[in-house]
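A.B. asks: Just dropping this structure here.
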Amino acid sequence: MKTSTQTTAEQDDPVARAAAIASRLADLGARYDAAPVFPVESMRCLAAAGLHRHFAPPASGGIAFADVPTRYRTLMDVLRIVGRADLSIGRLYEGHVNALALFDWYASPEQAVRLGRELEDGAFYGVWATEPQSGVSIERGEGGTAVLKGGKSFASGAGGLKHAIVTAQEAGSERQLVIVGADDAERADVSQWRVRGMRATTSGLYDLTGIGIDEADLLGLPGDYDRDPRFTTGAWRFAAVQLGGIEGLLAETRLAMSEATRSDPLQRAKFADCVAAARTAYMWVRECALRAALDDPDGPAFARMTRGIVERAALDVMELAARIVGTRSAMDGQRIDKIIRDLSLYLRQAGPDHARDQAALAWLDHDAWGEEDRLW
């Protein structure tokens with residue numbers, strides 16, 4: 001197993017590697033959209049490019065970036081590229097790199113080595129925190145044995161991913177991260193995942209009841225997962241994938257514009273609005289990634305504002321693209337249609353209005369943009 005520290009100079013640039021497989025991911029994405037199953041070939045494509053391990057801790061075989069901002073900026077560009085190609089794969093990949101970050105922050109040396117072995121075999125991870133109201137508990141038995149009870153909902157990659165990091169709670173304690181197997185088809189139920197978009201994420205239910213765990217499966221300490229600024233500011237990652245979808249839709253809209261359309265000043269004005277919306281979202285996501293890299297105390301407020309800005313940009317570009325392209329934007333098999341369907345669902349992250357309200361409260365208190373350019 002290769003776990004030696006590697007520099008970016010010793011490996012191909014992850015951004016270049018992502019760009020090299022983007023068209024393949026897009027082609028596969030159309031296939032998995034038409035016949036929704038866990039996208040095995042797409043995930044193998046990511047692994048063959050090394051993208052499943054580039055952002056792992058160096059002790060697990062990942063790249064030793066010059067600093068955290070460089071790591072996050074590189075990851076942002078990779079997430080954008082994967083999102084442009086296929087938002088379903090972008091969602092699964094974002095969950096994987098989220099898991100790699102949790103290992104980087106909280107793993108013991110033994111867990112880091114274990115992760116490296118799994119990545120060597122091409123394994124992908126998810127992070128599952130959403131659950132029915134009963135939740136997932138850690139039940140202690142005689143002799144100190146422990147098992148999980150409960151299940152996760154909206155578990156992207158259920159039954160297809162090799163592992164997942166899940167949240168579980170022991171009585172009287174805070175939420176604990178637990179490493180579990182995620183590829184047991186009998187525990188997965190994706191029958192209700194009948195959706196217009198993001199079909200290949202197979203985001204179903206996963207029953208964890210009866211899974212035995214020991215100390216080696218516990219990642220970090222109780223409460224680690226929910227600590228800010230990392231918890232809330234981490235939204236920058238899925239915003240980066242959504243941004244990739246916006247950019248992909250913008251590029252497809254441009255390609256679909258006929259000479260007659262390009263000669264129409266009203267249509268050009270719509271296209272200009274699309275460009276402005278996409279680039280505005282880009283600047284906020286880029287800034288948010290930097291705040292996350294620096295563990296900025298105002299990162300949560302910045303991430304909440306960024307979520308709303310990306311959502312607004314996506315809604316605007318989807319509407320304008322449909323107006324520019326016309327009926328073809330809603331035709332089955334058209335890439336524009338797929339991106340719009342995927343984005344429409346992916347934007348439905350929890351509590352968007354509450355997130356924007358909390359961001360507004362922070363800005364009312366002080367300009368959360370930062371010390372270098374405060375307006376008040």
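For the structure tokens, the naming scheme is as follows: chains receive sequential letters (A, B, ...) according to their order of presentation, residues are indexed from 1 within each chain, and ligands are indexed from 1 in presentation order.
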Do a neighbour search on A:Trp363 at 10 Å with only C-alpha atoms, toss out local chain neighbours closer than 6 positions, and write the hits as a list in words.
C.D. replies: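 So the residues in contact are Asp298, Ala301, Phe302, Met305, Asp357, Trp369 and Trp376 of chain A.
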A.B. asks: Emit the selected residues as an mmCIF file, in the first residue's frame, including N, CA and C atoms.
C.D. replies:
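Final output, saved to again.cif:
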data_model
loop_
_atom_site.group_PDB
_atom_site.id
_atom_site.type_symbol
_atom_site.label_atom_id
_atom_site.label_comp_id
_atom_site.auth_asym_id
_atom_site.auth_seq_id
_atom_site.Cartn_x
_atom_site.Cartn_y
_atom_site.Cartn_z
ATOM 1 N N ASP A 298 -16.421 33.525 11.343
ATOM 2 C CA ASP A 298 -17.601 33.976 10.605
ATOM 3 C C ASP A 298 -17.911 33.077 9.414
ATOM 4 N N ALA A 301 -21.711 32.043 8.961
ATOM 5 C CA ALA A 301 -22.545 33.096 8.372
ATOM 6 C C ALA A 301 -22.248 33.226 6.890
ATOM 7 N N PHE A 302 -20.977 33.135 6.530
ATOM 8 C CA PHE A 302 -20.591 33.263 5.126
ATOM 9 C C PHE A 302 -21.156 32.104 4.305
ATOM 10 N N MET A 305 -24.936 32.528 3.742
ATOM 11 C CA MET A 305 -25.201 33.508 2.690
ATOM 12 C C MET A 305 -24.858 32.940 1.317
ATOM 13 N N ASP A 357 -31.821 33.647 6.836
ATOM 14 C CA ASP A 357 -32.179 34.491 7.979
ATOM 15 C C ASP A 357 -31.035 34.558 8.989
ATOM 16 N N TRP A 369 -18.059 39.880 6.206
ATOM 17 C CA TRP A 369 -17.143 39.726 5.078
ATOM 18 C C TRP A 369 -15.707 39.610 5.569
ATOM 19 N N TRP A 376 -19.090 48.060 8.062
ATOM 20 C CA TRP A 376 -19.551 48.614 9.348
ATOM 21 C C TRP A 376 -19.002 47.784 10.488
#
A.B. asks: Could you list, with a cut-off of 10 Å and counting only C-alpha atoms, the residues of stretch 189-229 of chain A near stretch 21-31 of chain A, each shown with its nearest atom pair and the distance in Å rounded to one decimal, rows sorted by chain and ascending number, as a Markdown table?
C.D. replies:
| residue | atom | partner | partner_atom | distance |
| --- | --- | --- | --- | --- |
| A:Met198 | CA | A:Gly29 | CA | 9.8 |
| A:Arg199 | CA | A:Gly29 | CA | 9.6 |
| A:Ala200 | CA | A:Gly29 | CA | 7.9 |
A.B. asks: Generate a file of the selected residues that holds C-alpha atoms, formatted as an mmCIF file, in the first residue's frame.
C.D. replies:
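Heads up, here's the output in out_26.cif:
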data_model
loop_
_atom_site.group_PDB
_atom_site.id
_atom_site.type_symbol
_atom_site.label_atom_id
_atom_site.label_comp_id
_atom_site.auth_asym_id
_atom_site.auth_seq_id
_atom_site.Cartn_x
_atom_site.Cartn_y
_atom_site.Cartn_z
ATOM 1 C CA MET A 198 -30.271 13.276 -9.125
ATOM 2 C CA ARG A 199 -31.488 9.758 -9.836
ATOM 3 C CA ALA A 200 -28.117 8.018 -9.723
#
A.B. asks: Show me, as a list in words, the residues that have an atom within 12 Å of A:Asp121 when counting only C-alpha atoms, minus same-chain residues fewer than 3 positions from it.
C.D. replies: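 So the residues in contact are Met1, Lys2, Arg44, Ala47, Ala48, Gly50, His52, Arg53, Arg114, Leu115, Gly116, Arg117, Glu118, Phe124 and Lys162 of chain A.
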A.B. asks: With only C-alpha atoms as the basis for distance, which of A:Ser263, A:Ala277, A:Pro14, A:Gln349 is at the shortest distance from A:Phe65?
C.D. replies: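 So, comparing all the options, the nearest one is A:Pro14.
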A.B. asks: Do a neighbour search on stretch 179-189 of chain A at 8 Å with only C-alpha atoms, toss out local chain neighbours closer than 5 positions, and write the hits as a compact mmCIF listing (two decimals) with N, CA, C and O atoms, in the first residue's frame.
C.D. replies:
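Output below, filename selection23.txt:
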# COMPACT_ATOMS: atom_id res chain seq x y z
N ALA A 158 -26.64 4.56 -0.84
CA ALA A 158 -27.02 3.43 0.02
C ALA A 158 -26.95 2.12 -0.75
O ALA A 158 -27.57 1.97 -1.80
N GLY A 159 -26.17 1.17 -0.22
CA GLY A 159 -26.03 -0.13 -0.85
C GLY A 159 -24.97 -0.19 -1.92
O GLY A 159 -24.61 -1.28 -2.38
N GLY A 160 -24.44 0.97 -2.32
CA GLY A 160 -23.43 1.00 -3.38
C GLY A 160 -22.06 1.42 -2.89
O GLY A 160 -21.04 0.92 -3.36
N LEU A 161 -22.02 2.36 -1.96
CA LEU A 161 -20.74 2.79 -1.39
C LEU A 161 -20.16 1.68 -0.52
O LEU A 161 -20.90 0.89 0.07
N LYS A 162 -18.85 1.66 -0.41
CA LYS A 162 -18.20 0.65 0.43
C LYS A 162 -18.42 0.93 1.91
O LYS A 162 -18.71 0.02 2.69
N HIS A 163 -18.27 2.19 2.32
CA HIS A 163 -18.39 2.56 3.73
C HIS A 163 -19.15 3.88 3.85
O HIS A 163 -19.26 4.64 2.89
N ALA A 164 -19.63 4.14 5.05
CA ALA A 164 -20.22 5.44 5.37
C ALA A 164 -19.79 5.83 6.77
O ALA A 164 -19.55 4.97 7.62
N ILE A 165 -19.66 7.12 6.98
CA ILE A 165 -19.50 7.66 8.33
C ILE A 165 -20.87 8.17 8.74
O ILE A 165 -21.44 9.04 8.08
N VAL A 166 -21.41 7.59 9.80
CA VAL A 166 -22.76 7.95 10.23
C VAL A 166 -22.70 8.60 11.61
O VAL A 166 -21.74 8.41 12.37
N GLY A 204 -31.45 6.53 -0.55
CA GLY A 204 -32.55 5.84 0.10
C GLY A 204 -32.37 5.69 1.60
O GLY A 204 -31.66 6.45 2.25
N LEU A 205 -33.04 4.69 2.13
CA LEU A 205 -32.94 4.35 3.55
C LEU A 205 -31.85 3.29 3.73
O LEU A 205 -31.63 2.45 2.86
N TYR A 206 -31.19 3.34 4.89
CA TYR A 206 -30.21 2.31 5.20
C TYR A 206 -30.37 1.92 6.66
O TYR A 206 -30.24 2.75 7.56
N ASP A 207 -30.69 0.64 6.88
CA ASP A 207 -30.94 0.12 8.22
C ASP A 207 -29.61 -0.25 8.88
O ASP A 207 -28.85 -1.08 8.36
N LEU A 208 -29.32 0.36 10.01
CA LEU A 208 -28.09 0.10 10.74
C LEU A 208 -28.28 -0.81 11.94
O LEU A 208 -27.31 -1.17 12.62
N ASP A 217 -14.06 1.69 15.35
CA ASP A 217 -15.08 2.24 14.43
C ASP A 217 -15.52 3.64 14.82
O ASP A 217 -16.26 4.28 14.07
N LEU A 218 -15.10 4.12 15.99
CA LEU A 218 -15.51 5.44 16.46
C LEU A 218 -14.50 6.47 15.98
O LEU A 218 -13.31 6.39 16.28
N LEU A 219 -14.98 7.44 15.21
CA LEU A 219 -14.11 8.46 14.63
C LEU A 219 -14.23 9.74 15.45
O LEU A 219 -15.29 10.35 15.51
A.B. asks: Would you compute the distance between atom CA of A:Ala314 and atom CA of A:Glu247? Give it in Å to one decimal.
C.D. replies: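 One can read the atom CA of A:Ala314 to atom CA of A:Glu247 distance as 9.2 Å.
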A.B. asks: Under the rule that only C-alpha atoms are counted, which of A:Ile213, A:Gly244, A:Pro300, A:Leu249 is the nearest residue to A:Pro229?
C.D. replies: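 Closest residue, counting only C-alpha atoms: A:Pro300.
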A.B. asks: Could you give me, as a VMD selection string, the residues within 8 Å of A:Thr209, counting only C-alpha atoms and dropping anything in the same chain fewer than 4 positions from it?
C.D. replies: chain A and resid 147 to 151
A.B. asks: What gap, in Å, lies between atom CA of A:Ser137 and atom CA of A:Ala107?
C.D. replies: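 Between these atoms lies a distance of 21.2 Å.
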A.B. asks: Looking at A:Phe238, A:Trp284, A:Phe271, A:Tyr72, which one is nearest to A:Tyr346, with distances taken over only C-alpha atoms?
C.D. replies: A:Phe238
A.B. asks: I'd like to know which of A:Gly326, A:Met76, A:Arg341, A:Asp33 is closest to A:Tyr282, using only C-alpha atoms.
C.D. replies: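 Nearest candidate to A:Tyr282 out of A:Gly326, A:Met76, A:Arg341, A:Asp33: A:Met76.
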A.B. asks: At a cut-off of 12 Å, using only C-alpha atoms, what residues contact stretch 141-143 of chain A? Leave out same-chain residues fewer than 6 positions from it and give the result as a PyMOL selection string.
C.D. replies: chain A and resi 210+212-214
A.B. asks: Generate a file of the selected residues that holds all heavy atoms, formatted as a PDB file, in the first residue's frame.
C.D. replies:
ATOM      1  N   GLY A 210     -28.397  -3.495  14.586  1.00  0.00           N
ATOM      2  CA  GLY A 210     -27.701  -4.753  14.784  1.00  0.00           C
ATOM      3  C   GLY A 210     -26.258  -4.765  14.350  1.00  0.00           C
ATOM      4  O   GLY A 210     -25.553  -5.761  14.568  1.00  0.00           O
ATOM      5  N   GLY A 212     -22.614  -4.376  14.805  1.00  0.00           N
ATOM      6  CA  GLY A 212     -21.730  -4.287  15.947  1.00  0.00           C
ATOM      7  C   GLY A 212     -20.579  -3.330  15.699  1.00  0.00           C
ATOM      8  O   GLY A 212     -20.054  -3.249  14.579  1.00  0.00           O
ATOM      9  N   ILE A 213     -20.195  -2.572  16.700  1.00  0.00           N
ATOM     10  CA  ILE A 213     -19.108  -1.609  16.566  1.00  0.00           C
ATOM     11  C   ILE A 213     -18.166  -1.743  17.758  1.00  0.00           C
ATOM     12  O   ILE A 213     -18.557  -2.210  18.824  1.00  0.00           O
ATOM     13  CB  ILE A 213     -19.623  -0.158  16.466  1.00  0.00           C
ATOM     14  CG1 ILE A 213     -20.452   0.211  17.705  1.00  0.00           C
ATOM     15  CG2 ILE A 213     -20.433   0.056  15.196  1.00  0.00           C
ATOM     16  CD1 ILE A 213     -20.849   1.682  17.761  1.00  0.00           C
ATOM     17  N   ASP A 214     -16.918  -1.324  17.535  1.00  0.00           N
ATOM     18  CA  ASP A 214     -15.960  -1.267  18.638  1.00  0.00           C
ATOM     19  C   ASP A 214     -15.220   0.062  18.580  1.00  0.00           C
ATOM     20  O   ASP A 214     -15.545   0.920  17.736  1.00  0.00           O
ATOM     21  CB  ASP A 214     -14.998  -2.450  18.605  1.00  0.00           C
ATOM     22  CG  ASP A 214     -14.248  -2.573  17.283  1.00  0.00           C
ATOM     23  OD1 ASP A 214     -13.988  -1.529  16.636  1.00  0.00           O
ATOM     24  OD2 ASP A 214     -13.908  -3.706  16.885  1.00  0.00           O
TER      25      ASP A 214
END
A.B. asks: I need the helix (DSSP H, G or I) residues of stretch 235-369 of chain A per DSSP on the backbone, written as a ChimeraX atom specification.
C.D. replies: /A:235-256,259-262,265-293,299-330,335-346,352-365
A.B. asks: Between atom CA of A:Ser88 and atom CA of A:Leu255, what is the distance, to one decimal in Å?
C.D. replies: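 Taking atom CA of A:Ser88 as the start and atom CA of A:Leu255 as the end point, the length is 22.5 Å.
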A.B. asks: Quick one: everything within 9 Å of A:Phe55, counting only C-alpha atoms, minus sequence neighbours fewer than 6 positions away in the same chain. Send it as a ChimeraX atom specification.
C.D. replies: /A:61-64,71,75,97,100-101
A.B. asks: Write the residues of the preceding selection, restricted to all heavy atoms, as an mmCIF file, in the first residue's frame.
C.D. replies:
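Saved to part-v9.cif:
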data_model
loop_
_atom_site.group_PDB
_atom_site.id
_atom_site.type_symbol
_atom_site.label_atom_id
_atom_site.label_comp_id
_atom_site.auth_asym_id
_atom_site.auth_seq_id
_atom_site.Cartn_x
_atom_site.Cartn_y
_atom_site.Cartn_z
ATOM 1 N N GLY A 61 -2.288 8.223 2.018
ATOM 2 C CA GLY A 61 -1.936 8.210 0.604
ATOM 3 C C GLY A 61 -2.371 9.427 -0.175
ATOM 4 O O GLY A 61 -2.242 9.454 -1.398
ATOM 5 N N GLY A 62 -2.903 10.447 0.503
ATOM 6 C CA GLY A 62 -3.335 11.665 -0.184
ATOM 7 C C GLY A 62 -2.177 12.600 -0.489
ATOM 8 O O GLY A 62 -1.042 12.386 -0.040
ATOM 9 N N ILE A 63 -2.472 13.630 -1.244
ATOM 10 C CA ILE A 63 -1.474 14.630 -1.606
ATOM 11 C C ILE A 63 -1.184 15.533 -0.416
ATOM 12 O O ILE A 63 -2.094 15.944 0.310
ATOM 13 C CB ILE A 63 -1.973 15.485 -2.793
ATOM 14 C CG1 ILE A 63 -2.125 14.626 -4.046
ATOM 15 C CG2 ILE A 63 -1.024 16.646 -3.073
ATOM 16 C CD1 ILE A 63 -2.743 15.358 -5.222
ATOM 17 N N ALA A 64 0.078 15.854 -0.233
ATOM 18 C CA ALA A 64 0.471 16.839 0.785
ATOM 19 C C ALA A 64 0.502 18.206 0.113
ATOM 20 O O ALA A 64 1.500 18.599 -0.488
ATOM 21 C CB ALA A 64 1.832 16.485 1.368
ATOM 22 N N ARG A 71 -5.194 23.436 -0.820
ATOM 23 C CA ARG A 71 -5.971 22.195 -0.851
ATOM 24 C C ARG A 71 -7.439 22.489 -1.151
ATOM 25 O O ARG A 71 -8.052 21.836 -2.010
ATOM 26 C CB ARG A 71 -5.833 21.490 0.498
ATOM 27 C CG ARG A 71 -6.701 20.248 0.690
ATOM 28 C CD ARG A 71 -6.682 19.833 2.150
ATOM 29 N NE ARG A 71 -7.495 18.659 2.394
ATOM 30 C CZ ARG A 71 -7.038 17.417 2.412
ATOM 31 N NH1 ARG A 71 -5.771 17.187 2.169
ATOM 32 N NH2 ARG A 71 -7.850 16.411 2.658
ATOM 33 N N LEU A 75 -9.654 21.520 -4.407
ATOM 34 C CA LEU A 75 -10.858 20.721 -4.238
ATOM 35 C C LEU A 75 -12.071 21.433 -4.822
ATOM 36 O O LEU A 75 -12.926 20.797 -5.462
ATOM 37 C CB LEU A 75 -11.081 20.423 -2.755
ATOM 38 C CG LEU A 75 -12.371 19.668 -2.405
ATOM 39 C CD1 LEU A 75 -12.466 18.346 -3.149
ATOM 40 C CD2 LEU A 75 -12.460 19.447 -0.893
ATOM 41 N N VAL A 97 -15.395 13.177 -0.255
ATOM 42 C CA VAL A 97 -14.330 14.076 0.212
ATOM 43 C C VAL A 97 -14.679 14.676 1.576
ATOM 44 O O VAL A 97 -13.772 15.027 2.348
ATOM 45 C CB VAL A 97 -14.009 15.184 -0.821
ATOM 46 C CG1 VAL A 97 -13.461 14.570 -2.112
ATOM 47 C CG2 VAL A 97 -15.208 16.066 -1.114
ATOM 48 N N LEU A 100 -13.352 12.102 3.823
ATOM 49 C CA LEU A 100 -11.892 12.198 3.887
ATOM 50 C C LEU A 100 -11.469 13.339 4.815
ATOM 51 O O LEU A 100 -10.475 13.219 5.550
ATOM 52 C CB LEU A 100 -11.313 12.414 2.496
ATOM 53 C CG LEU A 100 -11.534 11.285 1.482
ATOM 54 C CD1 LEU A 100 -10.829 11.613 0.168
ATOM 55 C CD2 LEU A 100 -11.073 9.933 2.021
ATOM 56 N N ALA A 101 -12.216 14.440 4.797
ATOM 57 C CA ALA A 101 -11.901 15.557 5.695
ATOM 58 C C ALA A 101 -12.099 15.143 7.149
ATOM 59 O O ALA A 101 -11.298 15.500 8.027
ATOM 60 C CB ALA A 101 -12.778 16.768 5.363
#
A.B. asks: Kindly indicate which residue among A:Cys274, A:Ala99, A:Val195, A:Ile246 lies nearest to A:Trp128, using only C-alpha atoms for the distances.
C.D. replies: A:Ala99
A.B. asks: Select, from A:Leu102, A:Ala239, A:Met43, A:Leu266, the residue with the minimum atom-to-atom distance to A:Arg323, counting only C-alpha atoms.
C.D. replies: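 That would be A:Leu266, the residue with the smallest distance to A:Arg323.
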